[in-house]
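Data first, discussion second: the structure below is written as structure tokens.
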Amino acid sequence: MLLFSVLAAAIAPGIALLTYIYLKDKYDSEPLHMVIKVFLLGFLVVLPVMIFQRGLTIWLGDHTLLASFGISAGVEEFLKWFVVYHIIYNHTEFDEPYDGIVYAAAVSLGFATVENLLYAWAGYSSIGTLIIRSLLPVSGHAMFGIIMGYYLGRAKFSEGRSSKLFLALSLLFPWFWHGLYDIILNTLTHDWIWFIVPLMLLLWFLGMGKLARANSRSPFRLVKPEEEVNL
């Protein structure tokens, strides 16, 4: 019974956050089977991430800055971005800016869910520890996914140099925030909470703003009569 409770606590945060993000799509919700498939693809990202991170650690060492921004944040965000870009970006279901957020968050939270399961299984974590993880790493991955997906959505529905710029930002911004998150945890042994909590609040503020802006850019959005005058 305890094992079931621990596993449920490891899985529930990722599903809950993805459900929240999915339901915030106001105008044209994605097919649920597509979102589930992409969520499950996030499971598969874990293995190549572990292989690359192990190889890079052996090759380059474990210097804190390199480990945080390169081996951890760099590998994880690049592989998540790679999956979304090559599998979803040109898919017919990606037909409004908010879709980038849904699919990038699905990959990120699929990855975070497996990471949580491995942590619970290998570390024999308590439910309390997993609740803390749901407030930090899991929600962190959700915010990185939202930021990535927002700029993928901007890139998809822009043209020329603007599209290329947004595509670059879709990788650079989540990489930066993830690296900053990791370096706080890796360098501040005792006082990390005083820096992580403000960072997470900032990420949630940025993430919620991006949800609203992506919705406002939907081509399926009904324009109110009073807004037509200002177009």
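Residues in the structure tokens are numbered from 1 in each chain, the chains being A, B, ... in the order shown, and ligands are numbered from 1 in the order shown.
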
Mind checking which residues fall within 7 Å of stretch 148-162 of chain A, counting only C-alpha atoms, ignoring those fewer than 4 positions away in the same chain, and posting them as a VMD selection string? chain A and resid 97 to 101 104 144 166 to 167 169 to 171 174 210 214

Residues near stretch 70-82 of chain A, anyone? I mean within 8 Å using only C-alpha atoms, not counting same-chain ones fewer than 6 positions away, as a ChimeraX atom specification. /A:42,45,49,52-53,56-57,104,107-108,148,170-171,174-176,178-179,182

Those residues you just picked out, can you put them in a file as an mmCIF file, in the first residue's frame with N, CA, C and O atoms?
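Written output follows (part.cif):
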data_model
loop_
_atom_site.group_PDB
_atom_site.id
_atom_site.type_symbol
_atom_site.label_atom_id
_atom_site.label_comp_id
_atom_site.auth_asym_id
_atom_site.auth_seq_id
_atom_site.Cartn_x
_atom_site.Cartn_y
_atom_site.Cartn_z
ATOM 1 N N GLY A 42 7.870 11.796 -23.889
ATOM 2 C CA GLY A 42 8.714 12.354 -22.837
ATOM 3 C C GLY A 42 9.342 11.271 -21.977
ATOM 4 O O GLY A 42 10.466 11.434 -21.474
ATOM 5 N N VAL A 45 12.505 10.053 -23.675
ATOM 6 C CA VAL A 45 13.635 10.992 -23.686
ATOM 7 C C VAL A 45 14.613 10.705 -22.547
ATOM 8 O O VAL A 45 15.807 10.985 -22.655
ATOM 9 N N VAL A 49 18.879 10.940 -22.527
ATOM 10 C CA VAL A 49 19.399 11.980 -21.639
ATOM 11 C C VAL A 49 20.413 11.385 -20.668
ATOM 12 O O VAL A 49 21.507 11.922 -20.478
ATOM 13 N N PHE A 52 23.691 10.443 -22.620
ATOM 14 C CA PHE A 52 24.481 11.617 -22.982
ATOM 15 C C PHE A 52 25.094 12.277 -21.752
ATOM 16 O O PHE A 52 26.259 12.685 -21.766
ATOM 17 N N GLN A 53 24.305 12.415 -20.692
ATOM 18 C CA GLN A 53 24.810 13.076 -19.495
ATOM 19 C C GLN A 53 25.948 12.277 -18.865
ATOM 20 O O GLN A 53 26.947 12.855 -18.423
ATOM 21 N N LEU A 56 29.056 12.718 -21.170
ATOM 22 C CA LEU A 56 29.644 14.056 -21.063
ATOM 23 C C LEU A 56 30.321 14.272 -19.720
ATOM 24 O O LEU A 56 31.346 14.960 -19.634
ATOM 25 N N THR A 57 29.756 13.692 -18.670
ATOM 26 C CA THR A 57 30.374 13.817 -17.345
ATOM 27 C C THR A 57 31.735 13.131 -17.314
ATOM 28 O O THR A 57 32.706 13.659 -16.766
ATOM 29 N N ALA A 104 4.974 20.959 -25.896
ATOM 30 C CA ALA A 104 6.263 21.078 -25.207
ATOM 31 C C ALA A 104 6.108 20.748 -23.725
ATOM 32 O O ALA A 104 6.976 20.098 -23.128
ATOM 33 N N VAL A 107 5.830 16.858 -23.370
ATOM 34 C CA VAL A 107 7.141 16.190 -23.392
ATOM 35 C C VAL A 107 7.891 16.432 -22.083
ATOM 36 O O VAL A 107 8.451 15.509 -21.479
ATOM 37 N N SER A 108 7.899 17.688 -21.630
ATOM 38 C CA SER A 108 8.626 18.038 -20.407
ATOM 39 C C SER A 108 8.068 17.300 -19.198
ATOM 40 O O SER A 108 8.831 16.802 -18.353
ATOM 41 N N MET A 148 9.320 27.077 -23.670
ATOM 42 C CA MET A 148 9.742 26.504 -24.942
ATOM 43 C C MET A 148 8.590 26.506 -25.946
ATOM 44 O O MET A 148 8.732 26.937 -27.099
ATOM 45 N N SER A 170 13.181 29.543 -28.443
ATOM 46 C CA SER A 170 12.448 28.400 -27.881
ATOM 47 C C SER A 170 13.395 27.390 -27.239
ATOM 48 O O SER A 170 12.965 26.577 -26.411
ATOM 49 N N LEU A 171 14.646 27.433 -27.610
ATOM 50 C CA LEU A 171 15.644 26.569 -26.976
ATOM 51 C C LEU A 171 16.466 27.323 -25.945
ATOM 52 O O LEU A 171 16.733 26.815 -24.852
ATOM 53 N N PRO A 174 14.388 28.305 -22.224
ATOM 54 C CA PRO A 174 14.267 27.212 -21.238
ATOM 55 C C PRO A 174 15.621 26.691 -20.772
ATOM 56 O O PRO A 174 15.771 26.313 -19.606
ATOM 57 N N TRP A 175 16.612 26.685 -21.677
ATOM 58 C CA TRP A 175 17.969 26.277 -21.281
ATOM 59 C C TRP A 175 18.512 27.212 -20.205
ATOM 60 O O TRP A 175 19.068 26.761 -19.198
ATOM 61 N N PHE A 176 18.347 28.525 -20.370
ATOM 62 C CA PHE A 176 18.867 29.481 -19.402
ATOM 63 C C PHE A 176 18.194 29.312 -18.042
ATOM 64 O O PHE A 176 18.875 29.232 -17.004
ATOM 65 N N HIS A 178 16.517 26.766 -16.833
ATOM 66 C CA HIS A 178 16.830 25.451 -16.261
ATOM 67 C C HIS A 178 18.238 25.453 -15.684
ATOM 68 O O HIS A 178 18.477 24.945 -14.585
ATOM 69 N N GLY A 179 19.184 26.043 -16.413
ATOM 70 C CA GLY A 179 20.557 26.113 -15.924
ATOM 71 C C GLY A 179 20.659 26.930 -14.652
ATOM 72 O O GLY A 179 21.386 26.570 -13.710
ATOM 73 N N ASP A 182 19.346 24.874 -11.795
ATOM 74 C CA ASP A 182 20.296 23.834 -11.382
ATOM 75 C C ASP A 182 21.489 24.396 -10.628
ATOM 76 O O ASP A 182 21.942 23.812 -9.647
#

So that I can check the secondary structure, give me every residue of stretch 57-217 of chain A assigned alpha helix (DSSP H) by backbone DSSP, as an MDAnalysis selection string. chainID A and resid 57:60 64:65 73:83 97:123 127:133 139:156 160:187 193:216

Separation of atom CA of A:Met200 from atom CA of A:Asn215, in Å and rounded to one decimal: 22.5 Å

For stretch 11-25 of chain A, work out the shell of residues within 7 Å, counting only C-alpha atoms and skipping chain neighbours fewer than 6 positions away, then give it as a ChimeraX atom specification. /A:98,102,105-106,109,112-113,134,138,215

Residues just named, written with N, CA and C atoms as a PDB file, in the first residue's frame:
ATOM      1  N   TYR A  98      -0.945  28.292 -29.178  1.00  0.00           N
ATOM      2  CA  TYR A  98      -1.027  27.617 -27.887  1.00  0.00           C
ATOM      3  C   TYR A  98      -0.630  26.144 -27.979  1.00  0.00           C
ATOM      4  N   VAL A 102       1.180  23.253 -25.285  1.00  0.00           N
ATOM      5  CA  VAL A 102       0.619  21.956 -24.880  1.00  0.00           C
ATOM      6  C   VAL A 102       1.610  20.833 -25.147  1.00  0.00           C
ATOM      7  N   ALA A 105       4.995  21.184 -23.131  1.00  0.00           N
ATOM      8  CA  ALA A 105       4.743  20.851 -21.724  1.00  0.00           C
ATOM      9  C   ALA A 105       4.509  19.351 -21.563  1.00  0.00           C
ATOM     10  N   ALA A 106       3.848  18.731 -22.548  1.00  0.00           N
ATOM     11  CA  ALA A 106       3.602  17.281 -22.472  1.00  0.00           C
ATOM     12  C   ALA A 106       4.908  16.503 -22.473  1.00  0.00           C
ATOM     13  N   LEU A 109       6.747  17.221 -19.106  1.00  0.00           N
ATOM     14  CA  LEU A 109       6.140  16.582 -17.942  1.00  0.00           C
ATOM     15  C   LEU A 109       6.209  15.059 -18.031  1.00  0.00           C
ATOM     16  N   ALA A 112       9.648  14.590 -16.722  1.00  0.00           N
ATOM     17  CA  ALA A 112       9.686  14.836 -15.278  1.00  0.00           C
ATOM     18  C   ALA A 112       9.012  13.713 -14.498  1.00  0.00           C
ATOM     19  N   THR A 113       7.969  13.113 -15.068  1.00  0.00           N
ATOM     20  CA  THR A 113       7.257  12.032 -14.387  1.00  0.00           C
ATOM     21  C   THR A 113       8.145  10.802 -14.249  1.00  0.00           C
ATOM     22  N   SER A 134       7.293  17.820  -6.440  1.00  0.00           N
ATOM     23  CA  SER A 134       6.227  18.290  -7.334  1.00  0.00           C
ATOM     24  C   SER A 134       6.183  19.810  -7.371  1.00  0.00           C
ATOM     25  N   VAL A 138       9.264  19.124 -10.830  1.00  0.00           N
ATOM     26  CA  VAL A 138       8.181  18.825 -11.765  1.00  0.00           C
ATOM     27  C   VAL A 138       7.544  20.107 -12.282  1.00  0.00           C
ATOM     28  N   ASN A 215      -2.956  32.220 -26.019  1.00  0.00           N
ATOM     29  CA  ASN A 215      -4.397  32.146 -26.290  1.00  0.00           C
ATOM     30  C   ASN A 215      -4.877  33.347 -27.092  1.00  0.00           C
TER      31      ASN A 215
END

Tell me which of A:Leu206, A:Leu32, A:Val46, A:Leu180 sits closest to A:Ile146, counting only C-alpha atoms.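 With only C-alpha atoms as the atom set, the closest residue is A:Leu206.
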